[in-house]
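Engineer: Structure in structure tokens, see below.
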Amino acid sequence: MILPSLYRQFTPMVGCMLVLCLTAFAHADPPRDCAWIDDDGERLACHDRADGRIAAASVPSGSSEKANSTLAAPASLIEQAWGFSPSAPRYLLRYHEMNYLLPITHTSDRNIEPWEPFRDLEIQDGEINYDDAETKFQLSFKYRLWVTDDRKLGVWLRYTQLSTWQLYNADESSPFRDTNYQPELLVSYNPGRAIGSFRWSLLNLGINHESNGRSNILSRSWDRIFAEAGFEKGNFALLAKAWYRIPESDADDDNPDITDYYGYGQVRAFYSWRDRTFTLMGRGNPKRGKGAVQLSYVSRPLMGPLRGYLQLFHGYGETMIDYNWNQTVVGAGVAINSIL
């Protein structure tokens, strides 16, 4: 009885690890996607910048003027992540958000309120025993469906799936507490303009659906139209996103007050240093005084594509079931990419 129980509990985690590793080996490009750069000088400079080294002032013999310019310029984190180079493949499968596995996370205050009505309906007997410790993982990718010849304008499909799993809660049969599904369709453009000392490298316009795939009391969902802009300077990037929620009828709206907690946009700051990355996200509704911040750190590669990953979340909406629940969550595990 013990072995089958352990098998049921740990098989999904092993499966997730295999998916992360296979995805990394099958689709991951070398650091900063340098492999598809044809020019030898440009490709070498790209690898140097990805490793955090300052590009050399001299140009290798036989390199073009374009390579010289590239060596002198700071790395374009956003443009490489989105394949805006004219030499990039027309069709691309890339990471989107973080792809990670946190075997252990711990919350300051576990949310059990969404399940309270089940006791009132006598569907559940006794206390709802959800552990403060659980496992969390995310899979996310984007695929370019169409692009212009100069690669500056394209149409992308994106998908992100986030799960929180009560792995260590054998008393409740180790259930998945929540899983969020988020498909998106968007148009992406590279303005390539200087704004002060920053470069405006990204403009996205699209539509987004997010839900937890449940029904009735536990159902959470919303649809949004969004605009996103990306600015960068050297190894620093700033991504600002604003959205408008598409209204639903009162009868169909599972969470009519969700913008009170998620607000109408978010800002993310990203910094790369010697192949390590730091990300800070902030979102919220200042009028309501509610929101969330998330700080994350990704280490250098530890084993193949796997990197150490630390995540700290504070505020509302760690997952959709927690959209109106305030907590602090800390987790540690592995990742195979950063947001850029």
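Letters A, B, ... go to the chains of the structure tokens in the order shown; residues in each chain start at 1; ligands are counted from 1 in the same order.
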List as an MDAnalysis selection string the protein and nucleic acid residues near range 203-216 of chain A, meaning an atom at most 6 Å away when only C-alpha atoms are counted, but skip any in the same chain fewer than 3 places from it.

Structural biologist: chainID A and resid 179:189 219:229

Engineer: As a tab-separated table (two decimals) with C-alpha atoms, in the first residue's frame, please: the residues near range 326-332 of chain A (cut-off 9 Å, only C-alpha atoms, same-chain neighbours under 4 positions excluded).

Structural biologist:
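Saved result, around_27.tsv, follows:
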chain	number	residue	atom	x	y	z
A	101	LEU	CA	9.14	23.68	-10.58
A	102	LEU	CA	9.08	24.68	-6.90
A	103	PRO	CA	8.95	21.38	-4.97
A	104	ILE	CA	8.30	23.34	-1.79
A	105	THR	CA	6.49	26.61	-1.17
A	106	HIS	CA	5.19	27.93	2.13
A	107	THR	CA	2.42	30.47	2.73
A	108	SER	CA	1.85	32.73	5.70
A	109	ASP	CA	-1.93	32.14	5.57
A	110	ARG	CA	-3.56	29.34	3.57
A	111	ASN	CA	-6.84	30.27	1.88
A	135	THR	CA	4.32	22.32	-4.64
A	136	LYS	CA	4.00	24.88	-7.42
A	290	LYS	CA	-4.76	46.24	-2.96
A	291	GLY	CA	-2.25	44.49	-5.21
A	292	ALA	CA	0.79	42.22	-5.23
A	308	GLY	CA	18.20	27.42	-9.24
A	309	TYR	CA	15.05	29.48	-8.72
A	310	LEU	CA	13.80	31.45	-5.71
A	311	GLN	CA	10.42	33.17	-5.61
A	312	LEU	CA	8.84	35.51	-3.07
A	313	PHE	CA	5.21	36.61	-3.52
A	314	HIS	CA	3.25	39.01	-1.32
A	315	GLY	CA	-0.28	40.28	-1.80
A	316	TYR	CA	-3.46	39.21	-3.55
A	317	GLY	CA	-3.88	36.74	-6.37
A	318	GLU	CA	-1.08	34.20	-6.23
A	322	ASP	CA	-6.76	33.35	-4.22

Engineer: Could you pull out the residues in range 96-283 of chain A that DSSP calls strand (DSSP E or B) from the backbone, as number ranges by chain?

Structural biologist: A: 100-107, 133-147, 153-165, 176-189, 193-195, 198-211, 221-233, 236-245, 263, 265-273, 276-283

Engineer: Would you put the residues from that selection into a file with C-alpha atoms, as a compact mmCIF listing (two decimals), in the first residue's frame?

Structural biologist:
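Below is the file that was written, out_38.txt:
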# COMPACT_ATOMS: atom_id res chain seq x y z
CA TYR A 100 9.74 26.28 -13.26
CA LEU A 101 9.14 23.68 -10.58
CA LEU A 102 9.08 24.68 -6.90
CA PRO A 103 8.95 21.38 -4.97
CA ILE A 104 8.30 23.34 -1.79
CA THR A 105 6.49 26.61 -1.17
CA HIS A 106 5.19 27.93 2.13
CA THR A 107 2.42 30.47 2.73
CA ALA A 133 3.35 23.86 2.36
CA GLU A 134 2.71 22.76 -1.21
CA THR A 135 4.32 22.32 -4.64
CA LYS A 136 4.00 24.88 -7.42
CA PHE A 137 4.95 24.69 -11.09
CA GLN A 138 4.41 26.61 -14.31
CA LEU A 139 4.70 25.83 -18.03
CA SER A 140 4.67 28.66 -20.55
CA PHE A 141 5.55 29.15 -24.22
CA LYS A 142 4.82 31.34 -27.24
CA TYR A 143 4.72 30.53 -30.95
CA ARG A 144 5.03 32.99 -33.83
CA LEU A 145 2.32 32.28 -36.39
CA TRP A 146 3.17 35.00 -38.94
CA VAL A 147 5.79 37.72 -39.37
CA LEU A 153 5.74 42.81 -36.93
CA GLY A 154 4.35 39.39 -36.06
CA VAL A 155 1.37 37.46 -34.73
CA TRP A 156 1.93 35.21 -31.72
CA LEU A 157 0.02 32.58 -29.78
CA ARG A 158 0.97 32.32 -26.09
CA TYR A 159 -0.02 29.83 -23.42
CA THR A 160 0.72 29.65 -19.69
CA GLN A 161 -0.40 27.06 -17.14
CA LEU A 162 0.18 27.45 -13.40
CA SER A 163 -0.59 24.76 -10.82
CA THR A 164 -0.49 24.62 -7.03
CA TRP A 165 -0.43 21.09 -5.65
CA PHE A 176 -4.28 20.02 -6.89
CA ARG A 177 -5.53 23.11 -5.08
CA ASP A 178 -5.75 25.26 -8.22
CA THR A 179 -4.65 25.24 -11.87
CA ASN A 180 -4.85 28.36 -14.03
CA TYR A 181 -5.01 28.24 -17.84
CA GLN A 182 -4.09 31.32 -19.84
CA PRO A 183 -4.16 31.31 -23.68
CA GLU A 184 -3.41 34.57 -25.52
CA LEU A 185 -3.41 35.86 -29.10
CA LEU A 186 -1.43 39.01 -29.84
CA VAL A 187 0.29 41.20 -32.39
CA SER A 188 3.89 42.10 -31.55
CA TYR A 189 5.87 45.03 -33.00
CA ARG A 193 13.16 53.87 -31.06
CA ALA A 194 15.32 55.67 -28.54
CA ILE A 195 13.54 57.31 -25.61
CA PHE A 198 16.37 53.71 -23.14
CA ARG A 199 15.41 51.81 -26.25
CA TRP A 200 11.71 51.13 -26.92
CA SER A 201 11.92 47.58 -28.25
CA LEU A 202 8.47 46.04 -27.83
CA LEU A 203 4.79 46.86 -28.34
CA ASN A 204 2.18 44.11 -27.92
CA LEU A 205 -1.58 44.30 -28.44
CA GLY A 206 -3.73 41.26 -27.75
CA ILE A 207 -6.55 39.39 -26.08
CA ASN A 208 -6.20 37.15 -23.04
CA HIS A 209 -8.39 34.52 -21.38
CA GLU A 210 -7.61 33.20 -17.92
CA SER A 211 -9.56 30.67 -15.88
CA SER A 221 -12.29 33.46 -14.97
CA TRP A 222 -11.93 36.70 -16.89
CA ASP A 223 -11.17 37.94 -20.41
CA ARG A 224 -8.97 40.96 -21.13
CA ILE A 225 -7.72 43.15 -23.93
CA PHE A 226 -4.17 44.27 -23.20
CA ALA A 227 -1.32 46.47 -24.38
CA GLU A 228 2.28 45.87 -23.36
CA ALA A 229 5.42 47.92 -23.94
CA GLY A 230 9.04 46.94 -23.35
CA PHE A 231 11.98 49.30 -22.77
CA GLU A 232 15.60 48.36 -22.19
CA LYS A 233 19.05 49.67 -21.49
CA PHE A 236 18.08 46.09 -17.72
CA ALA A 237 14.56 45.82 -19.14
CA LEU A 238 11.22 47.26 -18.08
CA LEU A 239 7.92 45.69 -19.21
CA ALA A 240 4.73 47.69 -18.63
CA LYS A 241 1.34 46.11 -19.29
CA ALA A 242 -2.16 47.60 -19.10
CA TRP A 243 -5.45 45.74 -19.56
CA TYR A 244 -9.18 46.24 -19.87
CA ARG A 245 -11.50 43.55 -18.59
CA GLY A 263 -5.95 46.27 -10.85
CA GLY A 265 -1.99 46.64 -15.20
CA GLN A 266 1.42 45.54 -13.99
CA VAL A 267 5.07 46.52 -14.29
CA ARG A 268 8.03 44.14 -14.34
CA ALA A 269 11.69 45.09 -14.00
CA PHE A 270 14.30 42.62 -15.22
CA TYR A 271 18.06 42.68 -14.69
CA SER A 272 20.63 40.22 -16.02
CA TRP A 273 24.07 39.94 -14.39
CA ARG A 276 21.94 35.39 -13.35
CA THR A 277 18.61 37.20 -13.47
CA PHE A 278 16.53 39.22 -11.02
CA THR A 279 12.88 40.10 -11.66
CA LEU A 280 10.52 42.35 -9.72
CA MET A 281 6.80 42.45 -10.56
CA GLY A 282 4.23 44.86 -9.18
CA ARG A 283 0.50 45.20 -9.88

Engineer: Find the distance between CA of Tyr95 in chain A and CA of Trp82 in chain A and write it in Å to one decimal.

Structural biologist: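 A separation of 9.7 Å between them.
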
Engineer: Determine the nearest neighbour of Glu172 in chain A from the options A:Asn99, A:Ile128, A:Asn285, A:Phe84, counting only C-alpha atoms.

Structural biologist: A:Ile128
